[in-house]
Amino acid sequence: MNWQIAWWSGLGAAALVVAAAAGWIFALPPAPSPTTPPPIAKEESDITLAALRPPKRQRPLIAIVGINDSSETTDYLMPYGILTRADVADVVTLGTQPGPMTLFPVLKVEPQATIAEFDARHPDGADYVIVPAMSRDDDPVVLHWIRNQASHGAIIIGVCAGAKVVASTARVARVLHVQDGNVLRRRAPRKPLNDGDPVEHFGYRDGISQPLFTKKDVQRQKHKRGARARWNASAPLDLVLVPDPLVEGPDAFGSYLVYRKLGQNLRLFNQRVLALANKLNIDPDLAGAYVVGRFKDGTPVVKWNDNGHRAENDFDFDHDDAAGSKCPMHAHIRKANPRGTTPRTSLASEKSRRIARRGIPYGAPISKAVADYPPSDPNPDLPRGLLFLCFQANIEKQFEFIQHTWIDNVIFPRGLLLQRNTGDDPLIGQDPNQPQDWPITWGEAGDGTEVFNFDAAVKLGGGEYFFAPSIPFLKSL
Ligand code: HEM
C-alpha cells in the first residue's frame with residue numbers, strides 16, 4: 001500500500017515538474033520575426049541595369065582608383081575582392097603616385113599600377129572606374145584623371161563617401177539610387193563631469209559599459225568609472241575573436257558582426273517618459289532612468305535617484321538592488337547585462353554572452369537641449385535611429401541570446417514561472433503590448449510596483465549578419 005502511495009506521489013510530482021517546464025517554455029517569447037527590406041521598384045532596377053551595361057568591352061575593364069596618402073580600406077578593397085573572385089571583369093587597383101597606398105584606418109597596400117601606367121597601357125580608358133572615399137574630395141590629380149576617363153566613355157561609380165569625390169568632378173549625370181547613411185557622432189559635453197562619450201538620439205550617453213580587452217582599457221575604466229569591487233569588465237579576446245576560416249596563420253582572427261538598423265521614435269519615447277512620470281508621480285528624468293537604467297548623463301539609477309553623478313560602472317544588481325526597486329528588473333542595462341543575476345547560471349557563463357557594441361546614430365542631429373526635459377527638439381518626427389553594430393565570437397550564443405532570452409523574455413531575470421512578471425525591455429523589447437512592473441518609490445521595495453506599458457519607440461528596420469575577416473586575409477587580396 002505504502003509502495004503504491006509512493007509510486008503515485010512520485011508520478012504526480014514528475015507530472016508537475018513537466019507541466020511547470022512546459023509552462024516555462026511556452027512563456028518564452030517567440031523568436032524575432034525576420035524583416036524584409038523594402039523592395040526596389042522594378043523601374044528603378046531596370047534603369048540601373050541599363051545604365052550600368054559595359055560601355056566598351058564584352059569583358060569589361062574596371063579600374064579602382066585611390067589617392068596614395070589616404071583612401072578608405074573597405075571601399076578600395078571590397079570591390080576588388082568581390083569582382084576579382086566573381087571573375088566577370090579584368091580588375092586593376094590604381095594609385096595616383098608610385099609606391100604604397102595608405103588605407104585608413106590602418107592598412108598599407110601596393111596598388112597594381114599608377115594612373116600614368118594605366119593610361120599608357122589602356123589609352124582608350126576603362127569601362128568602369130570605382131572611386132572609394134578619400135581623405136579629401138578635391139585632390140586635383142585624381143579629379144583630373146576621373147574626368148579624363150569619363151570623357152573616354154567610362155562609367156564612374158562612387159562607393160560611400162567616394163560619391164563626394166565623383167560629385168567634385170562635376171561628372172554626375174544621374175543619381176540612380178540613394179541610400180541615406182548620414183552619420184552623427186554627438187558627444188556629451190565635457191563639463192561639469194563628462195568626458196565626451198557619444199550620445200544616442202534619445203539623449204543618453206552610450207558606450208559606457210563594454211567588455212574590456214586590454215590592460216590599458218581596464219586601467220582607464222578604473223579611473224573613469226570606479227574600481228572593480230562589484231563589476232569586473234575585463235574580458236578574454238575569444239569573447240569576440242575566432243580563427244579566420246578564410247586564411248591560415250597564427251595571427252589570423254576575425255569576428256562575427258551583427259548589424260541592425262533600429263529606428264528611434266523620439267516623439268513617442270518622450271511622450272511615454274512623461275506619461276510614466278505622471279503615473280508614478282516622479283521627475284521625468286527618473287522615469288527615463290527607469291527605462292534605460294541610467295540617467296541621460298550616465299549616472300546609474302541603481303546608485304542614485306537623480307542625475308549629476310558619475311557615469312559609474314562599478315555596480316551589480318545582487319548587492320546593490322536585489323529587489324529591483326532602484327533599477328527595475330526590465331531596465332535596458334539590467335536586461336542586456338544582468339551582472340550575475342541570471343537564475344541558476346554561473347557568473348562566468350553569463351559573462352560569456354557579452355558583446356562589444358559599436359553603435360552609430362543616423363539621421364538628423366538632435367538639438368543639444370534634447371538632453372534635458374522638456375525635450376526641445378524642433379522636429380522629433382524626422383527619421384532617426386541607431387545603426388546597431390556588435391562584435392562577438394558566436395552570434396547565436398551572444399547577440400541572439402541576449403535579444404531573445406533576456407531582452408524579449410517577460411519573466412527574465414526573475415526566471416521562475418510562478419513569480420511576478422518582469423516585462424520586456426521597454427527600450428528595445430520587440431512586443432509593444434508587453435507591460436512592465438515599475439517601482440512606486442525609488443529604493444523602497446515595500447511600496448510595491450505599478451504596471452505600465454511603455455510601448456515600443458525603437459523599431460527594427462532591417463539588419464544582417466557579417467563576418468569581419470582578419471588583417472592577414474585583407475592583405476592576401
Ligand atoms: C536604439 C537602440 C538602442 C539604444 C538607444 C540603446 C541605448 C543604450 C544606452 C543609453 C546604454 C547605457 C550606456 C552604456 O552602458 O553603454 C546601453 C547599454 C547597453 N546596451 Fe543598448 N541601446 C540600444 C540597442 C541595444 C541592442 C539591440 C542591444 C543588444 C541586443 C543592446 C545592448 C546593450 C548592452 C549589452 C549595454 C551595456 C549594459 C551594461 O553592461 O551595463 N543595446 N544601451
# chains A, B, ... in the order shown; residues from 1 in each chain; ligands from 1
call {"tool": "residues_around", "arguments": {"residues": "region 211-219 of chain A", "least_positions_apart": "2", "cutoff": "12 Å", "atoms": "only C-alpha atoms", "output": "PyMOL selection string"}}
result
chain A and resi 207-209+221-228+231-241+313+337+351-358+390-392
call {"tool": "residues_near_ligand", "arguments": {"ligand": "ligand 1", "cutoff": "7 Å", "atoms": "only C-alpha atoms and all ligand atoms", "output": "ChimeraX atom specification"}}
result
/A:200-202,204-210,262-264,292,294,298,332-334,336-337,354-355,385-386,388,399,402-403,427-428,458
call {"tool": "select_by_dssp", "arguments": {"residues": "region 283-384 of chain A", "states": "helix (DSSP H, G or I)", "output": "PyMOL selection string"}}
result
chain A and resi 284-292+317-321+332-336+347-351+368-371
call {"tool": "residues_around", "arguments": {"residues": "Lys164 (chain A)", "least_positions_apart": "5", "cutoff": "8 Å", "atoms": "only C-alpha atoms", "output": "number ranges by chain"}}
result
A: 133, 137, 158
call {"tool": "write_last_selection", "arguments": {"atoms": "C-alpha atoms", "output": "PDB file, in the first residue's frame"}}
result
ATOM      1  CA  ALA A 133      36.087  57.504 -50.085  1.00  0.00           C
ATOM      2  CA  ASP A 137      37.322  65.214 -52.062  1.00  0.00           C
ATOM      3  CA  GLY A 158      31.430  56.309 -56.268  1.00  0.00           C
TER       4      GLY A 158
END
call {"tool": "select_by_dssp", "arguments": {"residues": "region 387-470 of chain A", "states": "strand (DSSP E)", "output": "list of chain:residue names"}}
result
A:Leu387, A:Phe388, A:Leu389, A:Cys390, A:Phe391, A:Gln392, A:Gln436, A:Asp437, A:Trp438, A:Pro439, A:Thr449, A:Glu450, A:Val451, A:Phe452, A:Val458, A:Lys459, A:Leu460, A:Gly461, A:Gly462, A:Gly463, A:Glu464, A:Tyr465, A:Phe466, A:Phe467, A:Ala468
call {"tool": "atom_distance", "arguments": {"atom1": "CA of Ser476 (chain A)", "atom2": "CA of Ser71 (chain A)"}}
result
18.3 Å
call {"tool": "residues_around", "arguments": {"residues": "Ile471 (chain A)", "least_positions_apart": "4", "cutoff": "12 Å", "atoms": "only C-alpha atoms", "output": "PyMOL selection string"}}
result
chain A and resi 73-74+77+105-109+243-244+246-255+475-477
call {"tool": "closest_residue", "arguments": {"among": "A:Thr422, A:Asn265, A:Thr341, A:Asn394", "to": "Met329 (chain A)", "atoms": "only C-alpha atoms"}}
result
A:Thr422
call {"tool": "closest_residue", "arguments": {"among": "A:Gly293, A:Pro245, A:Pro361, A:Pro469", "to": "Val199 (chain A)", "atoms": "only C-alpha atoms"}}
result
A:Pro361
call {"tool": "closest_residue", "arguments": {"among": "A:Pro60, A:Phe269, A:Asp297, A:Val65", "to": "Ala311 (chain A)", "atoms": "only C-alpha atoms"}}
result
A:Asp297
call {"tool": "closest_residue", "arguments": {"among": "A:Arg272, A:His309, A:Arg260, A:Arg220", "to": "Glu400 (chain A)", "atoms": "only C-alpha atoms"}}
result
A:Arg260
call {"tool": "closest_residue", "arguments": {"among": "A:Gly448, A:Gly153, A:Pro426, A:Gly461", "to": "Leu387 (chain A)", "atoms": "only C-alpha atoms"}}
result
A:Gly461
call {"tool": "residues_around", "arguments": {"residues": "Asn453 (chain A)", "least_positions_apart": "3", "cutoff": "7 Å", "atoms": "only C-alpha atoms", "output": "VMD selection string"}}
result
chain A and resid 433 to 436
call {"tool": "write_last_selection", "arguments": {"atoms": "C-alpha atoms", "output": "mmCIF file, in the first residue's frame"}}
result
data_model
loop_
_atom_site.group_PDB
_atom_site.id
_atom_site.type_symbol
_atom_site.label_atom_id
_atom_site.label_comp_id
_atom_site.auth_asym_id
_atom_site.auth_seq_id
_atom_site.Cartn_x
_atom_site.Cartn_y
_atom_site.Cartn_z
ATOM 1 C CA ASN A 433 1.879 45.093 -25.958
ATOM 2 C CA GLN A 434 4.066 43.932 -23.054
ATOM 3 C CA PRO A 435 3.650 45.978 -19.861
ATOM 4 C CA GLN A 436 6.402 46.269 -17.248
#
call {"tool": "atom_distance", "arguments": {"atom1": "CA of Ile282 (chain A)", "atom2": "CA of Ile440 (chain A)"}}
result
8.9 Å
call {"tool": "atom_distance", "arguments": {"atom1": "CA of Pro98 (chain A)", "atom2": "CA of Val166 (chain A)"}}
result
22.4 Å
